[in-house]
Number of protein chains: 2
Amino acid sequence: MQRVRLKLGKRSYQIIVGSGILKSLGKRILRLDIGRDAYIITNSFLKKRFGRDLERWLSACGIKSKFKTVPDSERSKSIAQASGAITGLAGFDLARRVFIIAFGGGVIGDLAGFVASVYKRGIPYLQVPTTLLAQVDSSIGGKTGVDLRQGKNLIGAFYQPRLVLSDVSILSTLDIRQVRAGLAEVVKYAAIKDKVLFFYLENNYKDILSCRKDALEYVVGRCSRIKAEIVAGDEREEKGLRTILNFGHTIGHAIEAASSYRGYNHGEAIALGMLCAVRLGVILGLTAQGLEQRVASLLKKIGLPCRIKGLSLERIIAAHYRDKKFIGKKNKFVLVANIGRAKIVEDIPLETIKRSIKEVISPA
Amino acid sequence: MQRVRLKLGKRSYQIIVGSGILKSLGKRILRLDIGRDAYIITNSFLKKRFGRDLERWLSACGIKSKFKTVPDSERSKSIAQASGAITGLAGFDLARRVFIIAFGGGVIGDLAGFVASVYKRGIPYLQVPTTLLAQVDSSIGGKTGVDLRQGKNLIGAFYQPRLVLSDVSILSTLDIRQVRAGLAEVVKYAAIKDKVLFFYLENNYKDILSCRKDALEYVVGRCSRIKAEIVAGDEREEKGLRTILNFGHTIGHAIEAASSYRGYNHGEAIALGMLCAVRLGVILGLTAQGLEQRVASLLKKIGLPCRIKGLSLERIIAAHYRDKKFIGKKNKFVLVANIGRAKIVEDIPLETIKRSIKEVISPA
């Protein structure tokens with residue numbers, strides 16, 4: 001088991017990573033002294049698979065549970081779902097000391113965190129992420145939100161959980177495509193911050209893909225530590241530190257949006273976005289030789305796409321301009337100089353960006 | 001003109017009180033460096049009365065305005081209205097640096113502040129309160145929120161404005177009942193914290209009721225200073241300091257709820273709530289002799305109710321138990337020992353509370 005402390009003064013919390021630790025959730029909740037009424041936001045698959053056990057384990061600690069299931073898709077990140085959850089919560093909240101458990105992937109974490117941030121001007125919540133993507137990334141750092149028709153995460157808050165509990169044994173319920181998608185974010189951490197992790201991935205990717213628990217625990221723990229450090233230094237994304245987490249995300253989000261969130265999932269789009277960013281670094285002469293080959297080769301081994309298919313350059317560029325990182329139409333890219341060394345570059349000419357994307361698009 | 005600084009570290013801001021100062025809003029916004037796109041949430045009366053001038057004054061500073069009107073009733077504090085405002089905001093937010101002006105009473109301030117708190121995880125907003133109640137109380141301190149069927153302000157955030165601008169000349173648009181309601185909160189501040197203000201009210205209530213600008217500026221400035229001090233010491237209502245602002249509000253809210261938010265307005269219910277709290281203090285032997293008479297006499301001069309009419313004790317008590325201040329069914333009352341000296345008392349026997357209310361109910 002690994003423990004990481006995210007240091008944010010009064011808002012500090014622990015991230016606990018281990019295998020089979022879900023059953024310890026109740027006693028950890030009691031230590032936090034946040035009450036004994038748990039409103040668990042999850043999906044119907046997880047409720048069916050783990051609901052009865054979870055309820056029993058919590059009940060053994062004197063904690064009452066109420067489940068709220070939401071559909072497991074980006075569409076659940078809506079004002080309508082948030083309202084529904086809040087209404088259910090208000091109905092359950094009789095003893096006046098309720099807290100929320102976000103038990104699911106990134107969508108559920110973002111939605112549940114948002115609900116916790118606004119209900120009664122903020123109640124405690126816990127992240128219990130069940131996908132690799134959520135364990136290494138979205139459950140940590142307090143970014144919560146729901147989507148508007150006009151864009152993703154347009155409504156939300158920075159609101160920190162009281163605990164993140166990542167039980168890697170749950171990851172074996174994922175299908176292989178979801179594990180691969182999560183690994184895209186792991187590659188991101190390694191590329192921007194952690195050479196040792198990059199080597200580890202090159203040598204142990206098979207263990208991770210087959211969900212070996214020690215490998216998963218190592219990887220999730222390592223990524224949690226990186227994310228916690230970065231968030232501790234720049235909680236509200238004001239100082240630019242947190243920006244490096246966007247490696248692969250600027251063009252990645254454009255690819256995701258251009259495929260209308262259907263063709264490529266988030267991790268796959270990020271993999272392609274990282275390849276574009278690496279290409280951009282090579283074109284600009286900022287990225288070390290050989291790095292592009294290593295990143296591409298690792299992504300390929302993992303089974304992530306290395307070529308953009310079925311999307312034109314025009315469509316990606318059009319989506320790209322709606323990205324909220326383009327404040328006042330200025331752009332900001334995270335590139336990597338070498339494995340583990342990120343570099344932020346601003347105002348790259350559009351033609352250069354286009355060229356990098358073009359060179360990652362599959363020839364028709 | 002009076003300036004009060006609410007000290008909250010990085011989130012500090014100024015409260016400016018004066019007559020005819022609305023026209024200075026544009027230049028103050030420029031100093032804040034929060035962009036030049038103002039999304040103004042208001043009601044149709046205020047838009048009609050001040051909209052064109054406001055737009056012109058802002059435009060002279062290079063600030064573009066977009067108005068969003070909402071109905072002027074508690075029902076506007078809904079998720080539906082918040083969603084509507086957010087959607088309109090997203091449509092207006094093209095240059096990516098938008099801020100909100102809450103131009104109205106408490107309902108508009110609470111709604112607009114909430115919208116600002118959740119849009120893109122928080123954008124700047126300004127409070128430009130137009131009722132006495134909002135100028136002395138709700139515009140200061142960052143409590144924002146909307147209502148649920150299950151209760152008032154169940155959804156919200158602590159989110160501070162960047163500036164509060166109280167132009168007392170706008171108060172002459174209010175009808176006398178609204179001025180009286182605002183004065184109930186002024187009496188509250190005087191009773192819990194400011195003997196001098198209490199004397200002033202006893203001697204100058206007529207000037208305030210006839211909206212004499214110097215009297216209004218004095219009173220609004222004085223209350224703003226008290227509220228700012230209390231909020232600075234207890235931003236999120238965690239330390240108990242902010243609790244004293246609830247003087248008259250525990251039973252007051254119950255009276256408001258029992259009359260289904262129709263019979264008595266907020267200020268009138270608070271006046272009655274203060275009388276019950278004073279009565280309670282007398283019964284408990286905590287309140288100085290003569291104080292009850294002075295409070296009742298001042299409220300009467302102002303034209304506020306001094307007897308509860310048309311509501312039974314049973315109905316008030318039933319509503320009272322839904323008040324969110326009753327954590328775990330424990331009660332907490334703010335009493336006054338003497339003018340300007342508040343005292344918090346916990347766990348008062350229900351029978352004693354009932355007796356105090358009963359003695360303020362009009363004999364049938």
# chains A, B, ... in the order shown; residues from 1 in each chain; ligands from 1

$ select_by_dssp --residues "region 23-132 of chain A" --states "alpha helix (DSSP H)" --output "JSON, numbers by chain"
{"A": [25, 26, 27, 28, 29, 30, 31, 32, 44, 45, 46, 47, 48, 49, 50, 51, 52, 53, 54, 55, 56, 57, 58, 59, 60, 79, 80, 81, 82, 83, 84, 85, 86, 87, 88, 89, 90, 91, 92, 106, 107, 108, 109, 110, 111, 112, 113, 114, 115, 116, 117, 118, 132]}

$ select_by_dssp --residues "region 143-264 of chain B" --states "strand (DSSP E or B)" --output "PDB file with C-alpha atoms, in the first residue's frame"
ATOM      1  CA  LYS B 143     -22.651  33.791   0.495  1.00  0.00           C
ATOM      2  CA  THR B 144     -24.251  32.810  -2.795  1.00  0.00           C
ATOM      3  CA  GLY B 145     -26.903  30.274  -3.579  1.00  0.00           C
ATOM      4  CA  VAL B 146     -30.088  29.045  -5.120  1.00  0.00           C
ATOM      5  CA  ASP B 147     -33.002  27.194  -3.555  1.00  0.00           C
ATOM      6  CA  LEU B 148     -34.244  23.649  -3.801  1.00  0.00           C
ATOM      7  CA  GLY B 151     -35.091  24.281   1.354  1.00  0.00           C
ATOM      8  CA  LYS B 152     -33.595  27.710   0.755  1.00  0.00           C
ATOM      9  CA  ASN B 153     -29.947  28.131  -0.261  1.00  0.00           C
ATOM     10  CA  LEU B 154     -29.359  24.384  -0.348  1.00  0.00           C
ATOM     11  CA  ILE B 155     -27.164  24.884  -3.419  1.00  0.00           C
ATOM     12  CA  GLY B 156     -24.437  27.473  -3.294  1.00  0.00           C
ATOM     13  CA  ALA B 157     -20.888  28.464  -2.595  1.00  0.00           C
ATOM     14  CA  PHE B 158     -18.827  30.827  -0.493  1.00  0.00           C
ATOM     15  CA  LEU B 163     -16.145  44.871  -5.351  1.00  0.00           C
ATOM     16  CA  VAL B 164     -19.370  45.946  -3.670  1.00  0.00           C
ATOM     17  CA  LEU B 165     -20.722  49.276  -4.865  1.00  0.00           C
ATOM     18  CA  SER B 166     -23.685  50.572  -2.865  1.00  0.00           C
ATOM     19  CA  ASP B 167     -25.249  53.650  -4.422  1.00  0.00           C
TER      20      ASP B 167
END

$ atom_distance --atom1 "CA of Arg279 (chain A)" --atom2 "CA of Val196 (chain A)"
22.6 Å

$ closest_residue --among "B:Tyr189, B:Phe50, B:Phe99, B:Tyr39" --to "Ala85 (chain B)" --atoms "only C-alpha atoms"
B:Tyr39

$ residues_around --residues "region 302-314 of chain A" --least-positions-apart "4" --cutoff "6 Å" --atoms "only C-alpha atoms" --output "PDB file with N, CA and C atoms, in the first residue's frame"
ATOM      1  N   VAL A 360       1.012  13.692 -38.336  1.00  0.00           N
ATOM      2  CA  VAL A 360       0.549  12.550 -37.523  1.00  0.00           C
ATOM      3  C   VAL A 360      -0.717  11.935 -38.133  1.00  0.00           C
ATOM      4  N   ILE A 361      -1.325  12.682 -39.073  1.00  0.00           N
ATOM      5  CA  ILE A 361      -2.511  12.129 -39.748  1.00  0.00           C
ATOM      6  C   ILE A 361      -2.068  11.022 -40.702  1.00  0.00           C
ATOM      7  N   SER A 362      -2.820   9.929 -40.674  1.00  0.00           N
ATOM      8  CA  SER A 362      -2.542   8.807 -41.570  1.00  0.00           C
ATOM      9  C   SER A 362      -2.698   9.242 -43.015  1.00  0.00           C
TER      10      SER A 362
END

$ residues_around --residues "region 24-26 of chain B" --least-positions-apart "6" --cutoff "8 Å" --atoms "only C-alpha atoms" --output "PyMOL selection string"
chain B and resi 57-61+63+165

$ atom_distance --atom1 "CA of Ile348 (chain A)" --atom2 "CA of Val282 (chain A)"
13.2 Å
